[in-house]
Structure formats: C-alpha cells, structure tokens
file work-v9.txt (compact mmCIF, C-alpha atoms)
# COMPACT_ATOMS: atom_id res chain seq x y z
CA MET A 29 62.32 30.40 31.92
CA VAL A 30 62.00 31.70 35.46
CA ASN A 31 58.38 32.73 34.96
CA VAL A 32 57.30 29.32 33.65
CA LEU A 33 59.06 27.56 36.52
CA PHE A 34 57.65 30.00 39.07
CA LEU A 35 54.07 29.68 37.85
CA GLY A 36 54.00 25.94 37.16
CA ILE A 37 55.79 24.64 40.24
CA GLY A 38 54.21 27.24 42.55
CA THR A 39 50.72 26.26 41.42
CA ALA A 40 51.50 22.54 41.80
CA ILE A 41 52.77 23.09 45.38
CA LEU A 42 49.61 25.06 46.20
CA LEU A 43 47.48 22.21 44.80
CA PHE A 44 49.30 19.54 46.85
CA PHE A 45 49.12 21.50 50.11
CA THR A 46 45.44 22.31 49.55
CA VAL A 47 44.66 18.61 49.05
CA GLU A 48 46.51 17.93 52.32
CA LEU A 49 44.41 20.51 54.18
CA ILE A 50 41.17 19.05 52.76
CA THR A 51 42.21 15.56 53.93
CA PHE A 52 42.75 17.00 57.45
CA ILE A 53 39.12 18.15 57.43
CA LEU A 54 37.90 14.77 56.10
CA PHE A 55 40.02 12.90 58.69
CA ASN A 56 38.49 14.84 61.57
CA THR A 57 34.87 14.60 60.43
CA THR A 58 34.53 10.86 59.67
CA ASN A 59 34.09 8.09 62.22
CA ASP A 60 34.73 5.05 60.02
CA TYR A 61 38.16 3.60 60.83
CA LYS A 62 39.00 2.44 57.31
CA SER A 63 38.26 5.73 55.56
CA LYS A 64 39.97 7.67 58.38
CA THR A 65 43.20 5.72 57.74
CA THR A 66 42.95 6.20 53.98
CA TYR A 67 42.41 9.95 54.30
CA PHE A 68 45.36 10.31 56.68
CA ILE A 69 47.75 8.39 54.42
CA MET A 70 46.58 10.31 51.35
CA GLY A 71 47.28 13.59 53.20
CA GLN A 72 50.74 12.39 54.22
CA THR A 73 51.65 11.49 50.63
CA PHE A 74 50.51 14.81 49.22
CA GLY A 75 52.36 16.67 52.00
CA ILE A 76 55.62 14.87 51.17
CA MET A 77 55.23 15.63 47.45
CA GLY A 78 54.59 19.31 48.14
CA TYR A 79 57.60 19.46 50.45
CA LEU A 80 59.88 17.95 47.79
CA LEU A 81 58.61 20.41 45.19
CA LEU A 82 59.19 23.31 47.61
CA PHE A 83 62.94 22.57 47.51
CA ILE A 84 62.96 22.65 43.69
CA PHE A 85 60.96 25.89 43.83
CA ILE A 86 63.52 27.60 46.08
CA LEU A 87 66.48 26.34 44.05
CA SER A 88 64.96 27.19 40.66
CA SER A 89 63.87 30.76 41.27
CA SER A 90 67.25 32.04 42.33
CA ASP A 91 66.11 35.49 43.51
CA ILE A 92 64.51 33.97 46.63
CA LEU A 93 67.92 33.32 48.18
CA ASN A 94 69.63 36.24 46.43
CA SER A 95 67.44 38.96 47.89
CA LEU A 96 68.25 37.82 51.44
CA LEU A 97 71.99 37.35 50.89
CA LYS A 98 72.98 40.38 48.85
CA PHE A 99 74.26 43.47 50.60
CA SER A 100 72.49 46.18 48.62
CA PRO A 101 69.05 47.09 49.97
CA SER A 102 66.25 45.21 48.21
CA SER A 103 62.61 46.18 47.94
CA TYR A 104 59.96 45.19 50.47
CA PRO A 105 58.10 42.60 48.30
CA GLU A 106 61.31 40.70 47.55
CA ILE A 107 62.25 40.38 51.22
CA ALA A 108 58.67 39.52 52.20
CA ARG A 109 58.44 36.78 49.60
CA SER A 110 61.77 35.13 50.24
CA SER A 111 61.59 35.25 54.03
CA SER A 112 58.02 33.97 54.19
CA ILE A 113 58.76 31.09 51.81
CA LEU A 114 61.82 30.14 53.89
CA ILE A 115 59.74 30.29 57.10
CA SER A 116 57.15 28.03 55.48
CA LEU A 117 59.93 25.60 54.50
CA LEU A 118 61.05 25.53 58.16
CA LEU A 119 57.49 24.89 59.42
CA TYR A 120 56.92 22.13 56.87
CA THR A 121 60.21 20.50 57.94
CA VAL A 122 58.83 20.19 61.48
CA HIS A 123 55.56 18.88 59.98
CA ILE A 124 57.33 16.14 57.98
CA ILE A 125 59.55 15.13 60.94
CA PHE A 126 56.41 14.68 63.09
CA GLU A 127 54.90 12.49 60.36
CA PHE A 128 57.83 10.10 60.35
CA LYS A 129 58.41 10.10 64.11
CA PHE A 130 54.93 9.44 65.55
CA ASN A 131 51.97 7.22 64.70
CA LEU A 132 49.65 10.20 64.43
CA GLU A 133 46.43 8.53 63.35
CA GLU A 134 46.18 6.56 66.61
CA ASN A 135 43.99 8.02 69.34
CA ASN A 136 46.61 8.06 72.10
CA GLN A 137 48.75 10.76 70.43
CA LYS A 138 46.28 13.62 70.43
CA ASN A 139 48.72 16.34 71.57
CA GLU A 140 51.30 15.52 68.90
CA TYR A 141 48.54 15.52 66.30
CA ILE A 142 47.38 19.02 67.35
CA ILE A 143 50.94 20.39 67.09
CA TYR A 144 51.33 18.71 63.67
CA LEU A 145 48.07 20.27 62.46
CA ILE A 146 48.90 23.79 63.70
CA VAL A 147 52.40 23.72 62.19
CA GLY A 148 50.99 22.54 58.86
CA VAL A 149 48.33 25.25 58.70
CA LEU A 150 50.89 27.94 59.63
CA GLY A 151 53.23 26.70 56.91
CA TYR A 152 50.38 26.85 54.40
CA LEU A 153 49.53 30.44 55.39
CA PHE A 154 53.15 31.58 55.11
CA TYR A 155 53.48 29.90 51.72
CA LEU A 156 50.29 31.60 50.51
CA TYR A 157 51.61 34.96 51.71
CA GLY A 158 54.91 34.35 49.93
CA LEU A 159 53.14 33.61 46.66
CA ALA A 160 50.89 36.66 47.01
CA ALA A 161 53.84 38.95 47.74
CA GLY A 162 55.72 37.61 44.72
CA VAL A 163 53.14 38.71 42.15
CA ARG A 164 54.82 41.30 40.00
CA MET B 15 49.91 -8.04 49.45
CA ASN B 16 53.69 -8.02 49.76
CA GLN B 17 54.08 -8.73 46.06
CA THR B 18 51.77 -5.84 45.18
CA SER B 19 53.80 -3.34 47.17
CA ASN B 20 57.07 -4.67 45.75
CA SER B 21 55.84 -4.34 42.16
CA LEU B 22 54.54 -0.83 42.92
CA ILE B 23 58.01 0.10 44.19
CA HIS B 24 59.65 -1.17 40.99
CA VAL B 25 57.15 0.44 38.64
CA SER B 26 57.28 3.84 40.38
CA VAL B 27 61.10 3.90 40.36
CA ILE B 28 61.14 3.08 36.64
CA MET B 29 58.56 5.75 35.83
CA PHE B 30 60.47 8.31 37.96
CA ALA B 31 63.62 7.65 35.95
CA VAL B 32 61.74 7.80 32.63
CA SER B 33 59.99 11.09 33.38
CA LEU B 34 63.14 12.73 34.77
CA PHE B 35 65.09 11.63 31.70
CA LEU B 36 62.38 13.03 29.41
CA ALA B 37 62.41 16.32 31.37
CA GLN B 38 66.18 16.66 30.90
CA TYR B 39 65.88 15.72 27.23
CA ALA B 40 63.12 18.31 26.69
CA LEU B 41 65.39 20.98 28.16
CA ILE B 42 68.30 20.34 25.79
CA ALA B 43 66.10 19.80 22.72
CA GLU B 44 65.62 22.80 20.46
CA TYR B 45 61.87 23.13 20.82
CA ILE B 46 59.81 26.25 21.44
CA TYR B 47 57.75 24.88 24.32
CA SER B 48 60.52 22.83 25.91
CA GLU B 49 60.40 24.80 29.18
CA SER B 50 56.75 24.17 29.98
CA LEU B 51 57.06 20.53 28.88
CA SER B 52 60.01 19.99 31.21
CA VAL B 53 58.17 21.66 34.12
CA PHE B 54 55.18 19.33 33.67
CA LEU B 55 57.47 16.30 33.47
CA LEU B 56 59.34 17.43 36.60
CA ILE B 57 56.05 17.68 38.52
CA SER B 58 55.04 14.19 37.36
CA SER B 59 58.42 12.79 38.43
CA ILE B 60 57.89 14.23 41.94
CA ILE B 61 54.46 12.56 42.00
CA PHE B 62 56.14 9.23 41.17
CA VAL B 63 58.52 9.82 44.10
CA GLY B 64 55.48 10.26 46.35
CA SER B 65 54.05 6.98 45.06
CA PHE B 66 57.40 5.29 45.74
CA ILE B 67 57.58 6.57 49.33
CA THR B 68 54.06 5.34 50.07
CA ALA B 69 54.75 1.91 48.55
CA PHE B 70 57.99 1.73 50.57
CA LYS B 71 56.10 2.49 53.79
CA SER B 72 53.61 -0.27 52.97
CA SER B 73 56.41 -2.76 52.40
CA LYS B 74 57.76 -1.99 55.89
CA LEU B 75 54.54 -3.25 57.57
CA LYS B 76 54.77 -6.94 58.40
CA GLU B 77 51.19 -8.20 58.77
CA ASP B 78 48.29 -7.61 56.39
CA ASN B 79 45.84 -5.12 57.86
CA ILE B 80 43.74 -2.08 56.92
CA ARG B 81 46.73 0.26 57.20
CA LYS B 82 48.78 -1.72 54.70
CA GLU B 83 45.84 -1.88 52.31
CA ALA B 84 45.35 1.89 52.61
CA PHE B 85 49.04 2.49 51.84
CA ILE B 86 48.85 0.31 48.73
CA ASN B 87 45.62 1.96 47.51
CA THR B 88 47.08 5.44 47.99
CA SER B 89 50.29 4.52 46.21
CA PHE B 90 48.36 3.15 43.24
CA ALA B 91 46.08 6.22 43.07
CA VAL B 92 49.04 8.61 43.16
CA PHE B 93 50.81 6.56 40.49
CA ILE B 94 47.78 6.85 38.18
CA LEU B 95 47.72 10.62 38.86
CA GLY B 96 51.36 10.87 37.77
CA LEU B 97 50.66 8.91 34.59
CA VAL B 98 47.69 11.15 33.75
CA ILE B 99 49.74 14.33 34.26
CA MET B 100 52.59 12.93 32.14
CA ILE B 101 50.29 12.04 29.22
CA LEU B 102 48.38 15.32 29.55
CA ALA B 103 51.67 17.25 29.42
CA PHE B 104 52.50 15.75 26.04
CA PHE B 105 49.01 16.35 24.65
CA LEU B 106 48.62 19.89 26.00
CA VAL B 107 52.10 21.11 25.11
CA THR B 108 52.77 19.42 21.80
CA LEU B 109 49.32 19.93 20.32
CA ARG B 110 49.13 23.47 21.81
CA ILE B 111 45.55 23.05 23.00
call {"tool": "encode", "arguments": {"input": "work-v9.txt", "output": "structure tokens"}}
result
Amino acid sequence: MVNVLFLGIGTAILLFFTVELITFILFNTTNDYKSKTTYFIMGQTFGIMGYLLLFIFILSSSDILNSLLKFSPSSYPEIARSSSILISLLLYTVHIIFEFKFNLEENNQKNEYIIYLIVGVLGYLFYLYGLAAGVR
Amino acid sequence: MNQTSNSLIHVSVIMFAVSLFLAQYALIAEYIYSESLSVFLLISSIIFVGSFITAFKSSKLKEDNIRKEAFINTSFAVFILGLVIMILAFFLVTLRI
C-alpha cells in the first residue's frame, strides 16, 4: 500500500513540477505576448496541482512525519528525506503565495518574478533530494 | 467567453466528484489491483481540481482579452489530460497491460 502510493504520487509530483520548470524556460525565451501568457498560465496550473499532491504525499506516507517526531534516534536517510520534503513544502508555499498575490507576467514586477523563480527552483531541488534519499 | 468558463467550472467539479468517488470505491472493493487503480484515480481528481482553479480564475476576469482566452485554453487542456489519465487507469489496471 505505502509503496504504491509512494511511487505513484511521487512520480506524478515530479512530472508536474518538471512541466512547470520547462514552462519557465519557454516563458523566458519567447517574445510573442500571446504564447508568453499561455506558457505562464500553464506553469501556474501545473504548479498548483503539484502542490496539492505534495500534501497528499506527506499525509499518505506516514513515516515522513513520524521520523521527525519520534524520540528514538532514526537513521540518516529517514531524517534527510522527511526534512528535505518538508523544506520543499515550505518553499513551494511561498511560491504559490507569490502567484496569487502579484501579477507576475507583467513587465513591471521583475524583482518579484526573480524571487518567485528562485524559490521554485530551490523547492524542486529539495524535493528531488528528498525522493533520492528515500530510495530503499 | 463567460459561458465557456462557467461550463468548464461545472464540468470539472462534476468530474472531480466522480473520480474521487471511484477512487474511494476502488479502495473498499475486494480487487487485487485496487490500490494502484485508486492512486491513478486520485491523481486524475487532483488534475480536475487544477482545471477548476484555472477556470475559476478566468471567470474572475471581467473583459475578454488574451489572458482570459489563455486561462480557458489551459483549463480545457488540463481537463482533457485528466480524462485521458482516468481512462488510461482503467485500461492499464483492469486489463493488466
């Protein structure tokens, strides 16, 4: 049960976040206004879906929260996985809040867009590290 | 364009409820592959939520412009993706391909 959930939902989250990163690249390399807007909105939608699945991922594989909360010493890979996935959840929360708060695809909000991009890439890296540390 | 976004909202909410119900039903049914079937259906229900959020954002925009059109196109594309994953889940899991 846990293995199927872990593999299926973890792979789906990775797919969604990878699509979001690819749309960042497409958004920054095209000049056409219409396709720029479409790429940005596509990236936003996939980011929200990945964020929602991340919650289900943390709730479903219960050892992510257990290994941080229990008092007996746990092994290094457990702590690395759970803490890095929680850090990536925190970073993606900032990412999603920026999405809803600012109109990021306009040209006059360049600084907010850079912060949004850096936080998203950091969250992706931490999530990738969490998945790699969880391989048993 | 307003009618399109409203109908997308309705359709995505209905499909979210259907796929979540099927995921719950697959979990309680006595079937060997019920776990993987329910995981696929759960993922497709989250995709329908994404389609709903995008359609909701498009319905918030008052005037018709490129942004509203892009929201509607994205919502429709994501909805089709959810349908494809839902149908594929049944074919892949029940026929054991």
call {"tool": "closest_atom_pairs", "arguments": {"input": "work-v9.txt", "of": "chain B", "to": "chain A", "cutoff": "6 Å", "atoms": "all atoms listed in the file", "output": "CSV"}}
result
residue,atom,partner,partner_atom,distance
B:Gly64,CA,A:Met77,CA,5.5
B:Ala84,CA,A:Thr66,CA,5.1
B:Thr88,CA,A:Met70,CA,5.9
call {"tool": "atom_distance", "arguments": {"input": "work-v9.txt", "atom1": "CA of Lys74 (chain B)", "atom2": "CA of Leu97 (chain B)"}}
result
25.0 Å
call {"tool": "residues_near_point", "arguments": {"input": "work-v9.txt", "point": "(46.3, 23.9, 48.8)", "cutoff": "10 Å", "atoms": "only C-alpha atoms", "output": "list in words"}}
result
Thr39, Ala40, Ile41, Leu42, Leu43, Phe44, Phe45, Thr46, Val47, Glu48, Leu49, Ile50, Gly75, Gly78, Tyr152, Leu153, Tyr155 and Leu156 of chain A
call {"tool": "atom_distance", "arguments": {"input": "work-v9.txt", "atom1": "CA of Met15 (chain B)", "atom2": "CA of Ser72 (chain B)"}}
result
9.3 Å
call {"tool": "atom_distance", "arguments": {"input": "work-v9.txt", "atom1": "CA of Met100 (chain B)", "atom2": "CA of Glu44 (chain B)"}}
result
20.1 Å
call {"tool": "closest_residue", "arguments": {"input": "work-v9.txt", "among": "B:Val92, B:Ile80, B:Leu51, B:Ile57", "to": "Leu106 (chain B)", "atoms": "all atoms listed in the file"}}
result
B:Leu51
call {"tool": "residues_around", "arguments": {"input": "work-v9.txt", "residues": "region 115-120 of chain A", "least_positions_apart": "5", "cutoff": "6 Å", "atoms": "all atoms listed in the file", "output": "short mmCIF file (atom, residue, chain, number, x, y, z; two decimals) with C-alpha atoms, in the frame of the given file"}}
result
data_model
loop_
_atom_site.label_atom_id
_atom_site.label_comp_id
_atom_site.auth_asym_id
_atom_site.auth_seq_id
_atom_site.Cartn_x
_atom_site.Cartn_y
_atom_site.Cartn_z
CA VAL A 147 52.40 23.72 62.19
CA GLY A 151 53.23 26.70 56.91
CA PHE A 154 53.15 31.58 55.11
CA TYR A 155 53.48 29.90 51.72
#
